[in-house]
Amino acid sequence: MTNRKTIGVIIAIVTLIALLATSLAGCGSTTTTAAPQATETTASATSTTGETPTTEAKKLVFAESNPIASNQHQMAFEHGKREMCKILGAEFITADANITPAKQVADIETFIQQKVDGIVSWTLDQGAATAVYKKAQEAGIPVVTENSPGDYVTSTFVQEQNTSPLAQEDAAEWFSSIYPGGKIFIIGGEPVPYILYVADNMETAAKAAGLEVLAHQNNMSDQASGAQQIVQELLTKYPDVQAVWCFNDRSALGASAALRAAGKKIYNEAAPEAGAVLVTGMNGTQEALEAVKAGIISATYAGQSEKVGAAEIELLYRIVTGKIAKDQVPPIIICPYKRWDGKNVNEAPIPTEATFTEGVIDEFLTYTAGHDAPNYLNHYLNFLKNL
């Protein structure tokens with residue numbers, strides 16, 4: 001990791017990865033979509049039919065500040081939110097911040113003006129967002145965030161793969177069980193905190209498992225082509241690589257393309273072959289699940305984002321309907337990761353096609369109750385302090 005301290009000062013955003021434009025179709029019979037701007041045209045949400053919703057029989061309205069709507073990972077979150085809104089008979093509006101903290105703040109300001117009933121956000125810049133979150137809370141609007149704890153946040157859903165070393169430790173142990181003392185590449189990404197964190201975890205876990213880290217490079221393009229070029233160049237120096245860990249799914253796809261172009265086979269847990277190279281990604285996107293099924297990558301580590309999105313809306317619903325007291329909501333809700341590999345990938349739901357029932361939130365609340373939630377983020381937060 002080079003210039004980590006400088007990077008940590010400059011980059012305060014926590015956003016996602018690799019990354020892909022989602023449809024803003026609505027939830028419920030009068031479901032709305034919105035991309036709020038600081039203009040008079042955003043005084044109210046616009047329905048998918050182009051009509052302005054009436055105030056008759058007002059439904060609950062839940063709003064999402066999407067950090068980057070073109071990201072497949074974020075598409076999964078949004079799908080879960082929309083589906084739970086349908087189940088609960090609520091409306092759903094969303095705005096794409098497109099990795100721009102100032103726009104995210106402006107969007108949330110608009111949500112407050114619209115008097116929505118609850119807000120979900122993946123915070124891009126905590127310093128910039130704190131004041132608007134405070135304003136939302138003062139207006140009686142609960143705020144739930146994804147992987148971004150902070151002041152004036154009612155609760156934060158944290159995915160283990162991004163905010164703990166567990167998924168990276170699992171990958172290292174898996175690699176080591178197949179190739180003891182094996183040689184690996186680590187492909188990181190843009191220098192945002194959580195990406196620095198997971199890549200650092202992987203390097204630490206790999207060494208602890210007795211693996212030899214041949215190279216650790218970052219795919220700054222966030223596209224498969226960037227990782228493909230990196231791995232292609234590394235193979236000229238290290239043709240005997242046995243595993244490639246990637247911080248996201250698109251990088252894994254690019255790494256696999258480079259390996260296959262060099263005549264190497266990709267390891268498949270369902271049909272292991274000696275000498276095949278392990279390639280793993282993160283996020284459990286649809287393209288990654290299809291690639292695992294096709295034997296193009298070995299595994300993807302999923303945060304079950306579609307289920308998390310559904311649970312976030314259900315939690316907000318319970319708060320605003322009085323089914324749970326706001327001060328009794330856990331400040332941190334832990335969401336377990338899932339490794340989808342050749343053996344179990346057929347059980348994986350397509351993230352943007354998953355279906356849900358009420359009670360999704362209870363799965364995460366039960367999981368959280370079995371952990372030391374107040375201290376759960378210490379490892380991650382201590383890492384950030386040292387950036």
# chains A, B, ... in the order shown; residues from 1 in each chain; ligands from 1

$ residues_around --residues "range 180-188 of chain A" --least-positions-apart "3" --cutoff "7 Å" --atoms "only C-alpha atoms" --output "short mmCIF file (atom, residue, chain, number, x, y, z; two decimals) with C-alpha atoms, in the first residue's frame"
data_model
loop_
_atom_site.label_atom_id
_atom_site.label_comp_id
_atom_site.auth_asym_id
_atom_site.auth_seq_id
_atom_site.Cartn_x
_atom_site.Cartn_y
_atom_site.Cartn_z
CA SER A 176 -3.66 -22.76 1.57
CA SER A 177 -5.70 -25.95 1.89
CA ILE A 195 -10.90 -1.28 -0.31
CA ALA A 199 -6.75 -5.76 0.52
CA GLY A 210 1.89 -19.50 4.81
CA LEU A 211 1.14 -18.24 1.31
CA GLU A 212 3.70 -16.32 -0.73
CA VAL A 213 2.44 -12.96 -1.97
CA LEU A 214 4.17 -12.54 -5.34
CA ALA A 215 2.61 -9.14 -6.05
CA HIS A 216 0.05 -6.71 -4.67
CA GLN A 217 -1.22 -4.25 -7.27
CA ASN A 218 -4.30 -2.05 -7.58
CA ASN A 219 -6.80 -2.01 -10.42
CA VAL A 241 1.09 -18.13 -9.72
CA GLN A 242 -1.47 -20.44 -8.08
CA ALA A 243 -4.15 -18.04 -6.84
CA VAL A 244 -5.42 -14.53 -7.52
CA TRP A 245 -7.50 -12.69 -4.91
CA CYS A 246 -9.45 -9.70 -6.23
CA PHE A 247 -11.24 -6.96 -4.30
#

$ select_by_dssp --residues "range 139-350 of chain A" --states "alpha helix (DSSP H)" --output "PyMOL selection string"
chain A and resi 160-163+166-178+193-208+224-237+249-261+286-293+305-320

$ residues_around --residues "range 345-347 of chain A" --least-positions-apart "3" --cutoff "12 Å" --atoms "only C-alpha atoms" --output "MDAnalysis selection string"
chainID A and resid 268:270 284:286 288:295 297:302 338:342 350:351 354

$ residues_around --residues "Asn98 in chain A" --least-positions-apart "4" --cutoff "10 Å" --atoms "only C-alpha atoms" --output "count of residues only"
11

$ residues_around --residues "Arg260 in chain A" --least-positions-apart "5" --cutoff "12 Å" --atoms "only C-alpha atoms" --output "JSON, numbers by chain"
{"A": [228, 231, 232, 235, 253, 254, 255, 265, 266, 267, 276, 277, 278, 279, 295, 296, 297]}

$ write_last_selection --atoms "N, CA, C and O atoms" --output "compact mmCIF listing (two decimals), in the first residue's frame"
# COMPACT_ATOMS: atom_id res chain seq x y z
N GLN A 228 -7.20 -7.35 -16.05
CA GLN A 228 -6.66 -8.24 -17.07
C GLN A 228 -5.25 -7.79 -17.47
O GLN A 228 -4.33 -8.61 -17.58
N VAL A 231 -2.71 -8.51 -14.51
CA VAL A 231 -2.36 -9.93 -14.36
C VAL A 231 -1.56 -10.41 -15.57
O VAL A 231 -0.60 -11.20 -15.43
N GLN A 232 -1.91 -9.94 -16.73
CA GLN A 232 -1.15 -10.31 -17.94
C GLN A 232 0.32 -9.91 -17.79
O GLN A 232 1.22 -10.70 -18.13
N LEU A 235 2.14 -12.07 -15.10
CA LEU A 235 2.42 -13.44 -15.51
C LEU A 235 3.75 -13.58 -16.24
O LEU A 235 4.36 -14.66 -16.24
N LEU A 253 -12.93 -11.26 -13.00
CA LEU A 253 -13.21 -11.63 -14.39
C LEU A 253 -12.04 -11.26 -15.29
O LEU A 253 -11.65 -12.02 -16.19
N GLY A 254 -11.45 -10.08 -15.05
CA GLY A 254 -10.29 -9.68 -15.84
C GLY A 254 -9.08 -10.55 -15.58
O GLY A 254 -8.36 -10.93 -16.52
N ALA A 255 -8.87 -10.89 -14.30
CA ALA A 255 -7.74 -11.77 -13.95
C ALA A 255 -7.90 -13.12 -14.63
O ALA A 255 -6.93 -13.69 -15.17
N LYS A 265 -5.68 -23.11 -16.56
CA LYS A 265 -7.04 -23.48 -16.18
C LYS A 265 -7.44 -22.78 -14.89
O LYS A 265 -6.58 -22.43 -14.07
N ILE A 266 -8.74 -22.57 -14.71
CA ILE A 266 -9.25 -21.93 -13.51
C ILE A 266 -9.79 -23.01 -12.57
O ILE A 266 -10.53 -23.90 -12.99
N TYR A 267 -9.44 -22.90 -11.33
CA TYR A 267 -9.84 -23.90 -10.34
C TYR A 267 -11.35 -23.86 -10.11
O TYR A 267 -11.95 -22.80 -9.94
N ALA A 276 -4.67 -25.97 -11.58
CA ALA A 276 -5.62 -24.91 -11.92
C ALA A 276 -5.46 -23.75 -10.93
O ALA A 276 -5.18 -23.96 -9.75
N VAL A 277 -5.63 -22.54 -11.43
CA VAL A 277 -5.40 -21.34 -10.61
C VAL A 277 -6.71 -20.88 -9.97
O VAL A 277 -7.74 -20.74 -10.64
N LEU A 278 -6.66 -20.64 -8.67
CA LEU A 278 -7.82 -20.10 -7.94
C LEU A 278 -7.97 -18.62 -8.26
O LEU A 278 -6.98 -17.88 -8.24
N VAL A 279 -9.19 -18.19 -8.53
CA VAL A 279 -9.48 -16.78 -8.78
C VAL A 279 -10.75 -16.43 -8.02
O VAL A 279 -11.80 -17.03 -8.25
N GLY A 295 -17.35 -21.85 -14.56
CA GLY A 295 -15.96 -22.23 -14.30
C GLY A 295 -14.96 -21.17 -14.72
O GLY A 295 -13.77 -21.45 -14.87
N ILE A 296 -15.42 -19.93 -14.86
CA ILE A 296 -14.54 -18.83 -15.29
C ILE A 296 -13.82 -18.21 -14.10
O ILE A 296 -12.68 -17.76 -14.23
N ILE A 297 -14.47 -18.15 -12.94
CA ILE A 297 -13.78 -17.78 -11.71
C ILE A 297 -14.12 -18.84 -10.67
O ILE A 297 -15.09 -19.60 -10.81

$ select_by_dssp --residues "range 200-321 of chain A" --states "strand (DSSP E or B)" --output "PyMOL selection string"
chain A and resi 212-218+243-246+266+277-282+299-302

$ residues_around --residues "range 332-334 of chain A" --least-positions-apart "3" --cutoff "7 Å" --atoms "only C-alpha atoms" --output "mmCIF file with C-alpha atoms, in the first residue's frame"
data_model
loop_
_atom_site.group_PDB
_atom_site.id
_atom_site.type_symbol
_atom_site.label_atom_id
_atom_site.label_comp_id
_atom_site.auth_asym_id
_atom_site.auth_seq_id
_atom_site.Cartn_x
_atom_site.Cartn_y
_atom_site.Cartn_z
ATOM 1 C CA SER A 155 -28.359 2.094 12.696
ATOM 2 C CA THR A 156 -25.650 0.872 10.341
ATOM 3 C CA PHE A 157 -25.804 -2.447 8.494
ATOM 4 C CA VAL A 158 -22.239 -3.706 8.177
ATOM 5 C CA GLN A 159 -21.297 -6.526 5.830
ATOM 6 C CA GLU A 160 -18.642 -8.834 7.221
ATOM 7 C CA PHE A 364 -29.700 -10.134 10.881
ATOM 8 C CA LEU A 365 -30.892 -9.103 14.347
ATOM 9 C CA TYR A 367 -26.998 -12.924 13.993
ATOM 10 C CA THR A 368 -26.010 -9.606 15.553
ATOM 11 C CA ALA A 373 -21.630 -5.775 18.165
#

$ atom_distance --atom1 "CA of Glu312 in chain A" --atom2 "CA of Val144 in chain A"
6.9 Å

$ residues_around --residues "range 125-138 of chain A" --least-positions-apart "2" --cutoff "12 Å" --atoms "only C-alpha atoms" --output "PyMOL selection string"
chain A and resi 9-15+63+65+67+97+99-123+140-145+147-155+192-193+326

$ write_last_selection --atoms "C-alpha atoms" --output "short mmCIF file (atom, residue, chain, number, x, y, z; two decimals), in the first residue's frame"
data_model
loop_
_atom_site.label_atom_id
_atom_site.label_comp_id
_atom_site.auth_asym_id
_atom_site.auth_seq_id
_atom_site.Cartn_x
_atom_site.Cartn_y
_atom_site.Cartn_z
CA VAL A 9 -6.46 12.24 4.36
CA ILE A 10 -7.61 13.01 0.85
CA ILE A 11 -10.21 10.29 0.44
CA ALA A 12 -13.00 10.22 2.99
CA ILE A 13 -15.48 8.39 0.88
CA VAL A 14 -16.58 4.83 1.41
CA THR A 15 -18.15 3.49 -1.76
CA ALA A 63 -35.82 7.07 0.25
CA SER A 65 -29.25 7.83 -1.46
CA PRO A 67 -23.69 6.14 -3.95
CA ALA A 97 -25.09 10.49 -5.95
CA ILE A 99 -19.80 9.13 -6.02
CA THR A 100 -20.28 12.85 -5.36
CA PRO A 101 -20.59 13.72 -1.64
CA ALA A 102 -22.06 17.17 -2.32
CA LYS A 103 -24.83 15.68 -4.45
CA GLN A 104 -25.55 13.08 -1.81
CA VAL A 105 -26.05 15.82 0.78
CA ALA A 106 -28.29 17.79 -1.61
CA ASP A 107 -30.34 14.67 -2.36
CA ILE A 108 -30.90 13.97 1.33
CA GLU A 109 -31.86 17.61 1.89
CA THR A 110 -34.53 17.10 -0.77
CA PHE A 111 -35.75 13.91 0.91
CA ILE A 112 -36.15 15.86 4.14
CA GLN A 113 -38.13 18.57 2.33
CA GLN A 114 -40.32 15.83 0.84
CA LYS A 115 -40.96 14.58 4.39
CA VAL A 116 -40.10 10.98 3.63
CA ASP A 117 -40.56 8.47 6.43
CA GLY A 118 -37.06 7.01 6.42
CA ILE A 119 -33.73 7.32 4.62
CA VAL A 120 -31.12 4.73 3.65
CA SER A 121 -27.66 5.92 2.62
CA TRP A 122 -24.17 4.60 1.93
CA THR A 123 -22.24 7.59 3.24
CA GLY A 140 -38.16 12.81 12.97
CA ILE A 141 -36.76 10.87 10.00
CA PRO A 142 -34.67 7.81 10.96
CA VAL A 143 -31.46 7.29 8.97
CA VAL A 144 -30.05 3.83 8.25
CA THR A 145 -26.67 3.48 6.55
CA ASN A 147 -21.18 0.01 5.89
CA SER A 148 -20.75 3.61 7.08
CA PRO A 149 -21.33 4.25 10.78
CA GLY A 150 -21.35 7.83 11.97
CA ASP A 151 -23.03 10.51 14.02
CA TYR A 152 -26.82 10.92 13.82
CA VAL A 153 -27.23 7.50 12.21
CA THR A 154 -30.01 5.37 13.69
CA SER A 155 -28.36 2.09 12.70
CA VAL A 192 -11.01 4.31 -0.64
CA PRO A 193 -10.91 3.14 2.97
CA LYS A 326 -35.93 3.87 17.93
#

$ closest_residue --among "A:Glu91, A:Asp362, A:Glu353, A:Asp200" --to "Val329 in chain A" --atoms "only C-alpha atoms"
A:Asp362

$ atom_distance --atom1 "CA of Ala325 in chain A" --atom2 "CA of Thr366 in chain A"
17.1 Å

$ atom_distance --atom1 "CA of Pro349 in chain A" --atom2 "CA of His79 in chain A"
12.4 Å

$ decode --residues "range 239-316 of chain A" --atoms "C-alpha atoms" --output "PDB file, in the first residue's frame"
ATOM      1  CA  PRO A 239       4.115 -17.592 -14.494  1.00  0.00           C
ATOM      2  CA  ASP A 240       3.810 -20.058 -11.587  1.00  0.00           C
ATOM      3  CA  VAL A 241       1.088 -18.133  -9.720  1.00  0.00           C
ATOM      4  CA  GLN A 242      -1.467 -20.440  -8.085  1.00  0.00           C
ATOM      5  CA  ALA A 243      -4.150 -18.043  -6.841  1.00  0.00           C
ATOM      6  CA  VAL A 244      -5.424 -14.529  -7.522  1.00  0.00           C
ATOM      7  CA  TRP A 245      -7.496 -12.694  -4.911  1.00  0.00           C
ATOM      8  CA  CYS A 246      -9.450  -9.696  -6.226  1.00  0.00           C
ATOM      9  CA  PHE A 247     -11.236  -6.955  -4.304  1.00  0.00           C
ATOM     10  CA  ASN A 248     -14.263  -7.141  -6.593  1.00  0.00           C
ATOM     11  CA  ASP A 249     -15.919  -9.352  -9.153  1.00  0.00           C
ATOM     12  CA  ARG A 250     -14.995  -7.414 -12.276  1.00  0.00           C
ATOM     13  CA  SER A 251     -11.339  -7.605 -11.361  1.00  0.00           C
ATOM     14  CA  ALA A 252     -11.707 -11.365 -10.908  1.00  0.00           C
ATOM     15  CA  LEU A 253     -13.209 -11.628 -14.388  1.00  0.00           C
ATOM     16  CA  GLY A 254     -10.295  -9.678 -15.841  1.00  0.00           C
ATOM     17  CA  ALA A 255      -7.740 -11.773 -13.950  1.00  0.00           C
ATOM     18  CA  SER A 256      -9.375 -14.944 -15.235  1.00  0.00           C
ATOM     19  CA  ALA A 257      -9.261 -13.677 -18.813  1.00  0.00           C
ATOM     20  CA  ALA A 258      -5.529 -13.045 -18.541  1.00  0.00           C
ATOM     21  CA  LEU A 259      -4.863 -16.460 -17.016  1.00  0.00           C
ATOM     22  CA  ARG A 260      -6.919 -18.304 -19.612  1.00  0.00           C
ATOM     23  CA  ALA A 261      -5.227 -16.371 -22.416  1.00  0.00           C
ATOM     24  CA  ALA A 262      -1.944 -17.652 -21.012  1.00  0.00           C
ATOM     25  CA  GLY A 263      -3.201 -21.232 -21.271  1.00  0.00           C
ATOM     26  CA  LYS A 264      -3.981 -21.713 -17.581  1.00  0.00           C
ATOM     27  CA  LYS A 265      -7.037 -23.485 -16.179  1.00  0.00           C
ATOM     28  CA  ILE A 266      -9.251 -21.930 -13.513  1.00  0.00           C
ATOM     29  CA  TYR A 267      -9.839 -23.895 -10.335  1.00  0.00           C
ATOM     30  CA  ASN A 268     -13.392 -25.190  -9.870  1.00  0.00           C
ATOM     31  CA  GLU A 269     -14.336 -26.488  -6.429  1.00  0.00           C
ATOM     32  CA  ALA A 270     -16.912 -28.779  -8.034  1.00  0.00           C
ATOM     33  CA  ALA A 271     -14.311 -30.442 -10.288  1.00  0.00           C
ATOM     34  CA  PRO A 272     -10.794 -29.718  -8.952  1.00  0.00           C
ATOM     35  CA  GLU A 273      -7.847 -30.071 -11.302  1.00  0.00           C
ATOM     36  CA  ALA A 274      -4.210 -30.089 -10.288  1.00  0.00           C
ATOM     37  CA  GLY A 275      -2.435 -26.922 -11.356  1.00  0.00           C
ATOM     38  CA  ALA A 276      -5.619 -24.907 -11.922  1.00  0.00           C
ATOM     39  CA  VAL A 277      -5.403 -21.343 -10.613  1.00  0.00           C
ATOM     40  CA  LEU A 278      -7.815 -20.100  -7.943  1.00  0.00           C
ATOM     41  CA  VAL A 279      -9.478 -16.777  -8.778  1.00  0.00           C
ATOM     42  CA  THR A 280     -11.840 -15.090  -6.338  1.00  0.00           C
ATOM     43  CA  GLY A 281     -13.869 -11.881  -6.421  1.00  0.00           C
ATOM     44  CA  MET A 282     -16.108 -10.050  -3.998  1.00  0.00           C
ATOM     45  CA  ASN A 283     -19.750  -8.857  -3.963  1.00  0.00           C
ATOM     46  CA  GLY A 284     -21.686 -11.798  -5.399  1.00  0.00           C
ATOM     47  CA  THR A 285     -22.883  -9.900  -8.470  1.00  0.00           C
ATOM     48  CA  GLN A 286     -24.944 -11.647 -11.134  1.00  0.00           C
ATOM     49  CA  GLU A 287     -22.064 -11.687 -13.608  1.00  0.00           C
ATOM     50  CA  ALA A 288     -19.807 -13.249 -10.974  1.00  0.00           C
ATOM     51  CA  LEU A 289     -22.320 -15.963 -10.063  1.00  0.00           C
ATOM     52  CA  GLU A 290     -22.688 -16.815 -13.742  1.00  0.00           C
ATOM     53  CA  ALA A 291     -18.900 -16.901 -14.071  1.00  0.00           C
ATOM     54  CA  VAL A 292     -18.583 -19.310 -11.121  1.00  0.00           C
ATOM     55  CA  LYS A 293     -21.203 -21.580 -12.703  1.00  0.00           C
ATOM     56  CA  ALA A 294     -19.286 -21.485 -15.993  1.00  0.00           C
ATOM     57  CA  GLY A 295     -15.956 -22.232 -14.302  1.00  0.00           C
ATOM     58  CA  ILE A 296     -14.544 -18.831 -15.288  1.00  0.00           C
ATOM     59  CA  ILE A 297     -13.784 -17.779 -11.706  1.00  0.00           C
ATOM     60  CA  SER A 298     -13.482 -19.961  -8.622  1.00  0.00           C
ATOM     61  CA  ALA A 299     -15.640 -18.036  -6.154  1.00  0.00           C
ATOM     62  CA  THR A 300     -17.200 -14.747  -5.186  1.00  0.00           C
ATOM     63  CA  TYR A 301     -17.625 -13.510  -1.628  1.00  0.00           C
ATOM     64  CA  ALA A 302     -21.112 -12.070  -1.302  1.00  0.00           C
ATOM     65  CA  GLY A 303     -22.426  -9.685   1.299  1.00  0.00           C
ATOM     66  CA  GLN A 304     -26.016 -10.742   0.454  1.00  0.00           C
ATOM     67  CA  SER A 305     -26.691  -7.115  -0.465  1.00  0.00           C
ATOM     68  CA  GLU A 306     -30.171  -7.757  -1.858  1.00  0.00           C
ATOM     69  CA  LYS A 307     -31.226  -9.242   1.485  1.00  0.00           C
ATOM     70  CA  VAL A 308     -29.541  -6.406   3.378  1.00  0.00           C
ATOM     71  CA  GLY A 309     -31.463  -3.842   1.308  1.00  0.00           C
ATOM     72  CA  ALA A 310     -34.761  -5.554   2.122  1.00  0.00           C
ATOM     73  CA  ALA A 311     -33.897  -5.697   5.822  1.00  0.00           C
ATOM     74  CA  GLU A 312     -33.006  -1.998   5.901  1.00  0.00           C
ATOM     75  CA  ILE A 313     -36.444  -1.016   4.644  1.00  0.00           C
ATOM     76  CA  GLU A 314     -38.126  -3.431   7.029  1.00  0.00           C
ATOM     77  CA  LEU A 315     -36.224  -1.935   9.950  1.00  0.00           C
ATOM     78  CA  LEU A 316     -37.283   1.586   8.976  1.00  0.00           C
TER      79      LEU A 316
END
